[in-house]
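What follows is entry15.cif (mmCIF, C-alpha atoms).
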data_model
#
loop_
_atom_site.group_PDB
_atom_site.id
_atom_site.type_symbol
_atom_site.label_atom_id
_atom_site.label_comp_id
_atom_site.auth_asym_id
_atom_site.auth_seq_id
_atom_site.Cartn_x
_atom_site.Cartn_y
_atom_site.Cartn_z
ATOM 1 C CA MET A 1 -3.106 9.160 -12.519
ATOM 2 C CA LEU A 2 -5.271 6.078 -12.901
ATOM 3 C CA PHE A 3 -6.310 7.275 -16.347
ATOM 4 C CA LYS A 4 -2.666 7.886 -17.207
ATOM 5 C CA VAL A 5 -1.963 4.200 -16.528
ATOM 6 C CA ALA A 6 -5.031 3.224 -18.537
ATOM 7 C CA GLY A 7 -3.970 5.512 -21.406
ATOM 8 C CA VAL A 8 -0.449 4.100 -21.433
ATOM 9 C CA GLY A 9 -1.851 0.580 -21.491
ATOM 10 C CA LEU A 10 -4.282 1.208 -24.333
ATOM 11 C CA LEU A 11 -1.722 3.192 -26.335
ATOM 12 C CA ALA A 12 0.845 0.436 -25.907
ATOM 13 C CA ALA A 13 -1.699 -2.161 -26.992
ATOM 14 C CA VAL A 14 -2.529 -0.179 -30.151
ATOM 15 C CA ILE A 15 1.118 0.495 -31.004
ATOM 16 C CA VAL A 16 2.094 -3.138 -30.504
ATOM 17 C CA GLN A 17 -0.825 -4.263 -32.662
ATOM 18 C CA LEU A 18 0.098 -1.829 -35.447
ATOM 19 C CA LEU A 19 3.761 -2.807 -35.378
ATOM 20 C CA LYS A 20 2.893 -6.481 -35.449
ATOM 21 C CA GLN A 21 0.622 -5.988 -38.444
ATOM 22 C CA ASN A 22 3.455 -4.230 -40.243
ATOM 23 C CA GLY A 23 5.627 -7.248 -39.590
ATOM 24 C CA ARG A 24 8.010 -5.582 -37.133
ATOM 25 C CA GLU A 25 7.908 -8.102 -34.352
ATOM 26 C CA GLU A 26 11.081 -6.990 -32.564
ATOM 27 C CA VAL A 27 10.077 -3.309 -32.525
ATOM 28 C CA ALA A 28 6.689 -4.383 -31.183
ATOM 29 C CA THR A 29 8.397 -6.240 -28.324
ATOM 30 C CA VAL A 30 10.512 -3.174 -27.513
ATOM 31 C CA ALA A 31 7.390 -0.985 -27.579
ATOM 32 C CA ALA A 32 5.593 -3.352 -25.201
ATOM 33 C CA ILE A 33 8.540 -3.320 -22.789
ATOM 34 C CA VAL A 34 8.790 0.492 -22.924
ATOM 35 C CA GLY A 35 5.078 0.767 -22.181
ATOM 36 C CA LEU A 36 5.476 -1.553 -19.212
ATOM 37 C CA LEU A 37 8.390 0.541 -17.918
ATOM 38 C CA ILE A 38 6.386 3.774 -18.200
ATOM 39 C CA ALA A 39 3.471 2.184 -16.341
ATOM 40 C CA THR A 40 5.868 0.894 -13.672
ATOM 41 C CA ALA A 41 7.331 4.384 -13.216
ATOM 42 C CA LEU A 42 3.831 5.843 -12.814
ATOM 43 C CA MET A 43 2.933 3.134 -10.308
ATOM 44 C CA ILE A 44 6.120 3.656 -8.299
ATOM 45 C CA SER A 45 5.576 7.405 -8.081
ATOM 46 C CA MET A 46 2.041 6.798 -6.805
ATOM 47 C CA LEU A 47 3.288 4.255 -4.283
ATOM 48 C CA SER A 48 5.933 6.674 -3.018
ATOM 49 C CA ASP A 49 3.214 9.310 -2.594
ATOM 50 C CA LEU A 50 1.231 6.835 -0.541
ATOM 51 C CA LEU A 51 4.246 5.893 1.579
ATOM 52 C CA GLU A 52 5.051 9.569 2.203
ATOM 53 C CA THR A 53 1.469 10.151 3.342
ATOM 54 C CA ILE A 54 1.617 7.186 5.701
ATOM 55 C CA ARG A 55 4.994 8.284 7.039
ATOM 56 C CA GLY A 56 3.717 11.778 7.668
ATOM 57 C CA MET A 57 0.534 10.522 9.280
ATOM 58 C CA PHE A 58 2.156 8.121 11.707
ATOM 59 C CA SER A 59 5.097 10.545 12.078
ATOM 60 C CA LEU A 60 7.650 7.751 11.674
ATOM 61 C CA MET B 1 -18.634 13.043 0.969
ATOM 62 C CA THR B 2 -15.662 10.755 1.493
ATOM 63 C CA THR B 3 -17.704 7.599 1.112
ATOM 64 C CA GLU B 4 -19.099 8.732 -2.207
ATOM 65 C CA LYS B 5 -15.621 9.676 -3.361
ATOM 66 C CA LEU B 6 -14.331 6.235 -2.370
ATOM 67 C CA LEU B 7 -17.218 4.519 -4.102
ATOM 68 C CA LEU B 8 -16.606 6.459 -7.306
ATOM 69 C CA ILE B 9 -12.855 5.803 -7.271
ATOM 70 C CA ALA B 10 -13.421 2.088 -6.655
ATOM 71 C CA LEU B 11 -16.024 1.747 -9.415
ATOM 72 C CA ILE B 12 -13.990 3.696 -11.979
ATOM 73 C CA GLY B 13 -10.845 1.781 -11.026
ATOM 74 C CA THR B 14 -12.644 -1.529 -11.391
ATOM 75 C CA SER B 15 -13.954 -0.658 -14.836
ATOM 76 C CA VAL B 16 -10.518 0.549 -15.961
ATOM 77 C CA CYS B 17 -8.930 -2.662 -14.644
ATOM 78 C CA LEU B 18 -11.494 -4.809 -16.440
ATOM 79 C CA LEU B 19 -10.947 -2.879 -19.682
ATOM 80 C CA LEU B 20 -7.180 -3.238 -19.421
ATOM 81 C CA ARG B 21 -7.423 -6.907 -18.484
ATOM 82 C CA ALA B 22 -9.266 -7.552 -21.739
ATOM 83 C CA VAL B 23 -6.664 -5.681 -23.824
ATOM 84 C CA ARG B 24 -3.371 -6.230 -22.016
ATOM 85 C CA PRO B 25 -3.550 -8.120 -18.712
ATOM 86 C CA GLU B 26 -0.188 -6.885 -17.393
ATOM 87 C CA TYR B 27 -1.427 -3.302 -17.230
ATOM 88 C CA ALA B 28 -4.449 -4.291 -15.160
ATOM 89 C CA PHE B 29 -2.113 -4.836 -12.215
ATOM 90 C CA PHE B 30 -0.696 -1.311 -12.505
ATOM 91 C CA ALA B 31 -4.206 0.090 -12.701
ATOM 92 C CA ALA B 32 -5.132 -1.919 -9.594
ATOM 93 C CA VAL B 33 -2.155 -0.528 -7.668
ATOM 94 C CA ALA B 34 -2.970 3.012 -8.801
ATOM 95 C CA THR B 35 -6.590 2.582 -7.713
ATOM 96 C CA GLY B 36 -5.438 1.261 -4.353
ATOM 97 C CA CYS B 37 -3.201 4.299 -3.813
ATOM 98 C CA LEU B 38 -5.967 6.678 -4.863
ATOM 99 C CA LEU B 39 -8.379 4.932 -2.496
ATOM 100 C CA LEU B 40 -6.018 4.965 0.462
ATOM 101 C CA MET B 41 -5.163 8.681 0.230
ATOM 102 C CA PRO B 42 -8.585 10.038 1.349
ATOM 103 C CA ILE B 43 -8.935 7.252 3.939
ATOM 104 C CA LEU B 44 -5.579 8.176 5.427
ATOM 105 C CA SER B 45 -6.390 11.868 5.621
ATOM 106 C CA GLU B 46 -9.559 10.901 7.488
ATOM 107 C CA ALA B 47 -7.654 8.571 9.788
ATOM 108 C CA LEU B 48 -5.280 11.371 10.811
ATOM 109 C CA GLY B 49 -7.852 12.367 13.435
ATOM 110 C CA VAL B 50 -7.761 8.846 14.902
ATOM 111 C CA THR B 51 -3.996 8.882 15.379
ATOM 112 C CA GLU B 52 -4.187 12.342 16.919
ATOM 113 C CA THR B 53 -6.782 11.011 19.370
ATOM 114 C CA ILE B 54 -4.560 8.045 20.281
ATOM 115 C CA ARG B 55 -1.665 10.386 20.982
ATOM 116 C CA ALA B 56 -3.872 12.723 22.998
ATOM 117 C CA LEU B 57 -5.191 9.776 25.043
ATOM 118 C CA GLY B 58 -1.647 8.676 25.766
ATOM 119 C CA GLU B 59 -0.739 12.146 26.966
ATOM 120 C CA ARG B 60 -3.904 12.400 29.035
ATOM 121 C CA PHE B 61 -3.170 9.197 30.963
ATOM 122 C CA GLY B 62 0.527 9.863 31.279
ATOM 123 C CA VAL B 63 1.657 7.057 28.967
ATOM 124 C CA SER B 64 5.010 7.738 27.381
ATOM 125 C CA ASP B 65 4.837 9.005 23.802
ATOM 126 C CA ALA B 66 7.196 6.195 22.769
ATOM 127 C CA TYR B 67 4.469 3.607 23.370
ATOM 128 C CA ALA B 68 1.945 5.471 21.242
ATOM 129 C CA ALA B 69 4.609 5.718 18.525
ATOM 130 C CA VAL B 70 5.191 1.929 18.691
ATOM 131 C CA LEU B 71 1.458 1.286 18.472
ATOM 132 C CA LEU B 72 1.057 3.579 15.455
ATOM 133 C CA LYS B 73 4.101 2.038 13.799
ATOM 134 C CA MET B 74 2.604 -1.426 14.178
ATOM 135 C CA ILE B 75 -0.692 -0.209 12.722
ATOM 136 C CA ALA B 76 1.179 1.271 9.759
ATOM 137 C CA ILE B 77 3.091 -1.984 9.159
ATOM 138 C CA THR B 78 -0.093 -4.049 9.255
ATOM 139 C CA TYR B 79 -1.806 -1.617 6.929
ATOM 140 C CA LEU B 80 0.981 -1.665 4.349
ATOM 141 C CA THR B 81 1.460 -5.420 4.395
ATOM 142 C CA SER B 82 -2.252 -6.117 4.073
ATOM 143 C CA PHE B 83 -2.404 -3.625 1.168
ATOM 144 C CA GLY B 84 0.419 -5.398 -0.631
ATOM 145 C CA ALA B 85 -0.806 -8.879 0.261
ATOM 146 C CA SER B 86 -4.301 -8.263 -1.047
ATOM 147 C CA LEU B 87 -2.846 -6.873 -4.289
ATOM 148 C CA CYS B 88 -0.667 -9.984 -4.658
ATOM 149 C CA ARG B 89 -3.611 -12.258 -3.872
ATOM 150 C CA ASP B 90 -5.705 -10.473 -6.485
ATOM 151 C CA GLN B 91 -3.196 -11.476 -9.132
ATOM 152 C CA GLY B 92 -3.366 -15.092 -7.994
ATOM 153 C CA LEU B 93 -0.015 -15.003 -6.189
ATOM 154 C CA SER B 94 -1.204 -16.101 -2.771
ATOM 155 C CA ALA B 95 2.203 -17.610 -1.939
ATOM 156 C CA LEU B 96 3.822 -14.181 -2.232
ATOM 157 C CA ALA B 97 0.974 -12.658 -0.248
ATOM 158 C CA GLY B 98 1.523 -15.171 2.548
ATOM 159 C CA LYS B 99 5.245 -14.406 2.673
ATOM 160 C CA LEU B 100 4.543 -10.670 2.765
ATOM 161 C CA GLU B 101 2.135 -11.145 5.661
ATOM 162 C CA PHE B 102 4.681 -13.297 7.459
ATOM 163 C CA GLY B 103 7.274 -10.543 7.048
ATOM 164 C CA GLY B 104 4.793 -8.018 8.403
ATOM 165 C CA ARG B 105 4.176 -10.214 11.445
ATOM 166 C CA ILE B 106 7.896 -10.485 12.117
ATOM 167 C CA ALA B 107 8.237 -6.706 11.824
ATOM 168 C CA VAL B 108 5.332 -6.170 14.246
ATOM 169 C CA VAL B 109 6.876 -8.574 16.776
ATOM 170 C CA ALA B 110 10.221 -6.797 16.415
ATOM 171 C CA CYS B 111 8.439 -3.505 17.122
ATOM 172 C CA ALA B 112 6.672 -4.917 20.159
ATOM 173 C CA LEU B 113 9.684 -6.651 21.749
ATOM 174 C CA PRO B 114 11.213 -3.580 23.458
ATOM 175 C CA SER B 115 7.881 -2.860 25.157
ATOM 176 C CA LEU B 116 7.636 -6.501 26.267
ATOM 177 C CA VAL B 117 11.154 -6.365 27.706
ATOM 178 C CA THR B 118 10.269 -3.193 29.592
ATOM 179 C CA LEU B 119 7.118 -4.838 30.935
ATOM 180 C CA LEU B 120 9.016 -7.921 32.124
ATOM 181 C CA GLU B 121 11.710 -5.788 33.727
ATOM 182 C CA THR B 122 9.065 -3.779 35.548
ATOM 183 C CA GLY B 123 7.499 -6.996 36.800
ATOM 184 C CA VAL B 124 10.841 -8.405 37.931
ATOM 185 C CA ALA B 125 11.729 -5.151 39.693
ATOM 186 C CA LEU B 126 8.356 -5.189 41.426
ATOM 187 C CA LEU B 127 8.805 -8.803 42.591
ATOM 188 C CA GLU B 128 12.344 -8.253 43.837
ATOM 189 C CA GLY B 129 11.305 -5.124 45.662
ATOM 190 C CA GLY B 130 8.343 -6.942 47.222
ATOM 191 C CA PHE B 131 10.256 -9.938 48.580
ATOM 192 C CA SER B 132 13.368 -8.251 49.856
#
Exercise: express the given structure as structure tokens:
Amino acid sequence: MLFKVAGVGLLAAVIVQLLKQNGREEVATVAAIVGLLIATALMISMLSDLLETIRGMFSL
Amino acid sequence: MTTEKLLLIALIGTSVCLLLRAVRPEYAFFAAVATGCLLLMPILSEALGVTETIRALGERFGVSDAYAAVLLKMIAITYLTSFGASLCRDQGLSALAGKLEFGGRIAVVACALPSLVTLLETGVALLEGGFS
């Protein structure tokens, strides 16, 4: 999961760099935002896992 | 076993965060959160035995299960808020971290208030019974 986040980050960095070099600034911005959203979704799913574990452990 | 696992997760997470911080700093935060979750999972499965012991102790000494539940709830709140606050502080947002900790304190007090009311009522009942 951690490596998924890392992979998304690196991939987004490469894609944004490539798009910027090809002079497509607006597409690069969209790509950066999409990458951020994917990473946020990954993070939220991990956090919900953690919260479920805590809830089960303390039987709340 | 667990300690080595934790050490490995922490070291790998740190290196990934450093790598991401050099390339794109906003992803370093996500990597930090993911590492924190990964680290907490094995710790929590270890700590399950502790909570079981607290419950068993409560049963052994005839304390109501509600009190053990309140205690565990407060521990969980403190745990979560300190997790979030340290993540915020890591990103240099100590103001947010302070507010999160303040909210956690309020939540803990709100959890503890019913027990306090019960304690005071018990004391009052004892006093009234003693003087009448």
To one decimal place, how far is atom CA of A:Met57 from atom CA of A:Ile44 in Å?
19.7 Å
Counting all atoms listed in the file, which residues sit no farther than 12 Å from the position (-1.1, -1.6, 1.1) in the file's frame? I'd like them as a PyMOL selection string.
(chain A and resi 46-48+50-51+54) or (chain B and resi 32-41+44+75-88+97+100-101+104)
Preceding selection exported with C-alpha atoms as a CSV table (one decimal), in the coordinates of the input:
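Final file, again_21.csv:
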chain,number,residue,atom,x,y,z
A,46,MET,CA,2.0,6.8,-6.8
A,47,LEU,CA,3.3,4.3,-4.3
A,48,SER,CA,5.9,6.7,-3.0
A,50,LEU,CA,1.2,6.8,-0.5
A,51,LEU,CA,4.2,5.9,1.6
A,54,ILE,CA,1.6,7.2,5.7
B,32,ALA,CA,-5.1,-1.9,-9.6
B,33,VAL,CA,-2.2,-0.5,-7.7
B,34,ALA,CA,-3.0,3.0,-8.8
B,35,THR,CA,-6.6,2.6,-7.7
B,36,GLY,CA,-5.4,1.3,-4.4
B,37,CYS,CA,-3.2,4.3,-3.8
B,38,LEU,CA,-6.0,6.7,-4.9
B,39,LEU,CA,-8.4,4.9,-2.5
B,40,LEU,CA,-6.0,5.0,0.5
B,41,MET,CA,-5.2,8.7,0.2
B,44,LEU,CA,-5.6,8.2,5.4
B,75,ILE,CA,-0.7,-0.2,12.7
B,76,ALA,CA,1.2,1.3,9.8
B,77,ILE,CA,3.1,-2.0,9.2
B,78,THR,CA,-0.1,-4.0,9.3
B,79,TYR,CA,-1.8,-1.6,6.9
B,80,LEU,CA,1.0,-1.7,4.3
B,81,THR,CA,1.5,-5.4,4.4
B,82,SER,CA,-2.3,-6.1,4.1
B,83,PHE,CA,-2.4,-3.6,1.2
B,84,GLY,CA,0.4,-5.4,-0.6
B,85,ALA,CA,-0.8,-8.9,0.3
B,86,SER,CA,-4.3,-8.3,-1.0
B,87,LEU,CA,-2.8,-6.9,-4.3
B,88,CYS,CA,-0.7,-10.0,-4.7
B,97,ALA,CA,1.0,-12.7,-0.2
B,100,LEU,CA,4.5,-10.7,2.8
B,101,GLU,CA,2.1,-11.1,5.7
B,104,GLY,CA,4.8,-8.0,8.4
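Distances to A:Ala32 were evaluated for B:Leu6, B:Tyr27, B:Ala95, B:Glu46 using all atoms listed in the file, and the minimum falls at B:Tyr27.
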Test item: chain A residues at most 8 Å from chain B, counting all atoms listed in the file, as a list of chain:residue names
A:Met1, A:Leu2, A:Phe3, A:Val5, A:Ala6, A:Gly9, A:Leu10, A:Ala13, A:Leu36, A:Ala39, A:Thr40, A:Met43, A:Met46, A:Leu47, A:Leu50, A:Thr53, A:Ile54, A:Met57, A:Phe58, A:Leu60
Could you tell me which of B:Gly98, B:Pro42, B:Gly129, B:Gly123 comes closest to B:Thr2 if we count all atoms listed in the file?
B:Pro42
